[in-house]
Amino acid sequence: MGVYAYCLGQAGHPEPPPLEGVEQAPVMAARIDDFVVWISELEKMPTPDLAAIRRHNAVVEAATEQETPLPFRFGQWFGSRHELRDSLHDRHDQLTRQLRQVHGALEYGVRILDPAHQPPAADRSSGTAYLETLALRARQDELDEERGREIAAALRAALGPLVRDHRVRTVGGGTIATIAHLVDRHDTGNYDLRVREFGTGWPELRFLFTGPWPPYGFME
Amino acid sequence: MADALFPHDERVRLVELVDRVLDRGVVLRGDVVISVAGIDLVYLELHLLLSAVETLERRRIQDPG
């Protein structure tokens with residue numbers, strides 16, 4: 001019997017309500033040192049499919065209702081509770097630091113898209129043309145990355161102290177940037193207003209705002 | 001919990017969910033390209049892998065087969 005872990009909270013984190021996790025397994029709390037881990041006990045590692053991903057997230061969201069835990073990504077599997085305990089021991093200080101960072105906060109996502117993005121078509125008519133296509137693509141990626149980081153920095157500046165921390169990824173392919181903001185729970189209304197206002201300043205781009213989420217982006 | 005403030009359609013919610021809950025490179029069962037605003041964001045190929053579309057495009061161009 002192995003252990004599947006969803007998220008980790010500080011001592012005193014609420015017990016899970018009656019809840020089905022991945023593979024319809026019951027969710028329970030494991031108390032290890034000064035941590036509480038929401039887990040399910042399973043015969044084997046769950047199959048990664050969309051249903052399991054949704055179930056994983058539903059459990060983590062339930063754990064986030066009252067207090068913010070450190071959410072694990074899908075697939076945190078341990079052969080036994082001893083293995084889970086050893087893993088937490090090894091990372092105790094790092095996990096404590098990260099729990100402190102996300103305490104009382106939630107994650108919001110901003111995805112910035114460029115609908116006009118058109119990658120250079122692959123030209124395989126000759127070796128030179130092929131290499132030129134690669135060079136063009138690389139240059140376009142660099143420009144998009146630079147632009148994404150500039151917009152993310154401008155957004156962070158516009159939101160000021162509303163954002164406790166942020167993570168920026170540049171992806172390419174018409175996605176200029178994906179940004180995760182860590183926002184205090186009591187500031188979410190103000191955050192909503194400010195990010196909408198910021199998006200109107202870039203009419204050529206499309207901003208997708210989502211949240212609140214458990215702070216997946218801040219779990220390292 | 002998601003989208004309490006920003007109502008979006010199911011495609012956006014799915015993209016954001018998968019992006020958060022999975023690390024890239026994880027093997028998934030599924031077969032779907034998720035697009036928003038005409039841009040392909042996530043490609044789930046049957047029993048293959050989760051990858052950004054751009055990454056797949058790069059692989060195709062670098063390894064035309």
# chains A, B, ... in the order shown; residues from 1 in each chain; ligands from 1

call {"tool": "residues_around", "arguments": {"residues": "Ala11 in chain A", "least_positions_apart": "4", "cutoff": "8 Å", "atoms": "only C-alpha atoms", "output": "ChimeraX atom specification"}}
result
/A:31,34-36

call {"tool": "write_last_selection", "arguments": {"atoms": "N, CA and C atoms", "output": "mmCIF file, in the first residue's frame"}}
result
data_model
loop_
_atom_site.group_PDB
_atom_site.id
_atom_site.type_symbol
_atom_site.label_atom_id
_atom_site.label_comp_id
_atom_site.auth_asym_id
_atom_site.auth_seq_id
_atom_site.Cartn_x
_atom_site.Cartn_y
_atom_site.Cartn_z
ATOM 1 N N ARG A 31 -0.269 13.242 10.051
ATOM 2 C CA ARG A 31 0.437 14.252 10.862
ATOM 3 C C ARG A 31 1.878 13.803 11.028
ATOM 4 N N ASP A 34 5.670 18.809 12.462
ATOM 5 C CA ASP A 34 4.743 19.945 12.579
ATOM 6 C C ASP A 34 4.001 20.190 11.268
ATOM 7 N N PHE A 35 3.841 19.143 10.458
ATOM 8 C CA PHE A 35 3.102 19.240 9.201
ATOM 9 C C PHE A 35 1.838 18.389 9.252
ATOM 10 N N VAL A 36 0.879 18.790 8.438
ATOM 11 C CA VAL A 36 -0.287 17.945 8.147
ATOM 12 C C VAL A 36 -0.299 17.731 6.639
#

call {"tool": "interface_residues", "arguments": {"of": "chain A", "to": "chain B", "cutoff": "6 Å", "atoms": "only C-alpha atoms", "output": "PyMOL selection string"}}
result
chain A and resi 48-49+73-74+173+210-213+216

call {"tool": "residues_around", "arguments": {"residues": "Val195 in chain A", "least_positions_apart": "6", "cutoff": "12 Å", "atoms": "only C-alpha atoms", "output": "ChimeraX atom specification"}}
result
/A:108-112,152,154-160,162-163,179,181,188-189,201-202,207-211 /B:5-6

call {"tool": "select_by_dssp", "arguments": {"residues": "range 53-196 of chain A", "states": "alpha helix (DSSP H)", "output": "ChimeraX atom specification"}}
result
/A:53-64,81-90,92-102,127-159,188-196

call {"tool": "write_last_selection", "arguments": {"atoms": "C-alpha atoms", "output": "PDB file, in the first residue's frame"}}
result
ATOM      1  CA  ILE A  53      -5.882  15.660 -12.501  1.00  0.00           C
ATOM      2  CA  ARG A  54      -9.259  17.243 -11.818  1.00  0.00           C
ATOM      3  CA  ARG A  55      -9.719  15.046  -8.745  1.00  0.00           C
ATOM      4  CA  HIS A  56      -6.270  15.964  -7.451  1.00  0.00           C
ATOM      5  CA  ASN A  57      -7.039  19.648  -7.844  1.00  0.00           C
ATOM      6  CA  ALA A  58     -10.474  19.297  -6.213  1.00  0.00           C
ATOM      7  CA  VAL A  59      -8.816  17.876  -3.097  1.00  0.00           C
ATOM      8  CA  VAL A  60      -6.201  20.628  -3.019  1.00  0.00           C
ATOM      9  CA  GLU A  61      -8.888  23.277  -3.472  1.00  0.00           C
ATOM     10  CA  ALA A  62     -10.853  21.793  -0.578  1.00  0.00           C
ATOM     11  CA  ALA A  63      -7.710  22.021   1.550  1.00  0.00           C
ATOM     12  CA  THR A  64      -7.326  25.671   0.521  1.00  0.00           C
ATOM     13  CA  ARG A  81       4.198   6.492   5.206  1.00  0.00           C
ATOM     14  CA  HIS A  82       7.819   6.000   6.276  1.00  0.00           C
ATOM     15  CA  GLU A  83       8.988   7.153   2.860  1.00  0.00           C
ATOM     16  CA  LEU A  84       6.735  10.197   3.088  1.00  0.00           C
ATOM     17  CA  ARG A  85       8.066  10.978   6.549  1.00  0.00           C
ATOM     18  CA  ASP A  86      11.684  10.658   5.408  1.00  0.00           C
ATOM     19  CA  SER A  87      11.024  12.941   2.450  1.00  0.00           C
ATOM     20  CA  LEU A  88       9.484  15.606   4.684  1.00  0.00           C
ATOM     21  CA  HIS A  89      12.346  15.321   7.167  1.00  0.00           C
ATOM     22  CA  ASP A  90      14.849  15.908   4.380  1.00  0.00           C
ATOM     23  CA  HIS A  92      11.705  20.307   6.496  1.00  0.00           C
ATOM     24  CA  ASP A  93      13.317  23.746   6.500  1.00  0.00           C
ATOM     25  CA  GLN A  94      12.577  24.429   2.840  1.00  0.00           C
ATOM     26  CA  LEU A  95       8.936  23.387   3.203  1.00  0.00           C
ATOM     27  CA  THR A  96       8.506  25.471   6.354  1.00  0.00           C
ATOM     28  CA  ARG A  97       9.903  28.490   4.533  1.00  0.00           C
ATOM     29  CA  GLN A  98       7.553  27.954   1.575  1.00  0.00           C
ATOM     30  CA  LEU A  99       4.529  27.461   3.832  1.00  0.00           C
ATOM     31  CA  ARG A 100       5.315  30.756   5.503  1.00  0.00           C
ATOM     32  CA  GLN A 101       5.558  32.424   2.098  1.00  0.00           C
ATOM     33  CA  VAL A 102       2.097  31.313   0.911  1.00  0.00           C
ATOM     34  CA  GLY A 127      19.720  23.702 -46.394  1.00  0.00           C
ATOM     35  CA  THR A 128      20.280  27.449 -46.278  1.00  0.00           C
ATOM     36  CA  ALA A 129      16.550  28.232 -46.321  1.00  0.00           C
ATOM     37  CA  TYR A 130      15.995  25.705 -43.555  1.00  0.00           C
ATOM     38  CA  LEU A 131      18.675  27.250 -41.344  1.00  0.00           C
ATOM     39  CA  GLU A 132      17.299  30.730 -42.027  1.00  0.00           C
ATOM     40  CA  THR A 133      13.881  29.583 -40.828  1.00  0.00           C
ATOM     41  CA  LEU A 134      15.421  28.301 -37.615  1.00  0.00           C
ATOM     42  CA  ALA A 135      17.265  31.592 -37.109  1.00  0.00           C
ATOM     43  CA  LEU A 136      14.080  33.604 -37.721  1.00  0.00           C
ATOM     44  CA  ARG A 137      12.173  31.504 -35.232  1.00  0.00           C
ATOM     45  CA  ALA A 138      14.882  31.861 -32.623  1.00  0.00           C
ATOM     46  CA  ARG A 139      14.918  35.640 -33.094  1.00  0.00           C
ATOM     47  CA  GLN A 140      11.144  35.853 -32.809  1.00  0.00           C
ATOM     48  CA  ASP A 141      11.255  33.784 -29.616  1.00  0.00           C
ATOM     49  CA  GLU A 142      13.846  36.130 -28.154  1.00  0.00           C
ATOM     50  CA  LEU A 143      11.747  39.195 -28.972  1.00  0.00           C
ATOM     51  CA  ASP A 144       8.597  37.610 -27.532  1.00  0.00           C
ATOM     52  CA  GLU A 145      10.454  36.619 -24.387  1.00  0.00           C
ATOM     53  CA  GLU A 146      11.794  40.143 -23.927  1.00  0.00           C
ATOM     54  CA  ARG A 147       8.340  41.625 -24.521  1.00  0.00           C
ATOM     55  CA  GLY A 148       6.754  39.168 -22.084  1.00  0.00           C
ATOM     56  CA  ARG A 149       9.176  40.035 -19.332  1.00  0.00           C
ATOM     57  CA  GLU A 150       8.648  43.770 -19.900  1.00  0.00           C
ATOM     58  CA  ILE A 151       4.862  43.462 -19.695  1.00  0.00           C
ATOM     59  CA  ALA A 152       5.095  41.230 -16.621  1.00  0.00           C
ATOM     60  CA  ALA A 153       7.331  43.794 -14.914  1.00  0.00           C
ATOM     61  CA  ALA A 154       4.936  46.611 -15.842  1.00  0.00           C
ATOM     62  CA  LEU A 155       2.006  44.621 -14.463  1.00  0.00           C
ATOM     63  CA  ARG A 156       3.838  43.899 -11.238  1.00  0.00           C
ATOM     64  CA  ALA A 157       4.644  47.615 -10.881  1.00  0.00           C
ATOM     65  CA  ALA A 158       1.011  48.577 -11.567  1.00  0.00           C
ATOM     66  CA  LEU A 159      -0.244  46.173  -8.902  1.00  0.00           C
ATOM     67  CA  THR A 188      -8.537  39.798  -4.022  1.00  0.00           C
ATOM     68  CA  GLY A 189     -11.240  42.365  -4.847  1.00  0.00           C
ATOM     69  CA  ASN A 190      -8.721  45.140  -5.417  1.00  0.00           C
ATOM     70  CA  TYR A 191      -6.553  42.794  -7.467  1.00  0.00           C
ATOM     71  CA  ASP A 192      -9.483  41.986  -9.741  1.00  0.00           C
ATOM     72  CA  LEU A 193     -10.094  45.658 -10.508  1.00  0.00           C
ATOM     73  CA  ARG A 194      -6.452  46.523 -11.101  1.00  0.00           C
ATOM     74  CA  VAL A 195      -5.588  43.664 -13.451  1.00  0.00           C
ATOM     75  CA  ARG A 196      -8.656  44.323 -15.595  1.00  0.00           C
TER      76      ARG A 196
END

call {"tool": "select_by_dssp", "arguments": {"residues": "range 31-217 of chain A", "states": "strand (DSSP E)", "output": "PyMOL selection string"}}
result
chain A and resi 31-32+35-42+70-71+77-78+105-113+163-169+175-184+206-213

call {"tool": "atom_distance", "arguments": {"atom1": "CA of Ala180 in chain A", "atom2": "CA of Glu204 in chain A"}}
result
21.5 Å

call {"tool": "residues_around", "arguments": {"residues": "Tyr6 in chain A", "least_positions_apart": "6", "cutoff": "6 Å", "atoms": "only C-alpha atoms", "output": "PyMOL selection string"}}
result
chain A and resi 38-39+72

call {"tool": "atom_distance", "arguments": {"atom1": "CA of Ala25 in chain A", "atom2": "CA of Pro69 in chain A"}}
result
20.4 Å

call {"tool": "atom_distance", "arguments": {"atom1": "CA of Leu8 in chain A", "atom2": "CA of Ala29 in chain A"}}
result
9.5 Å
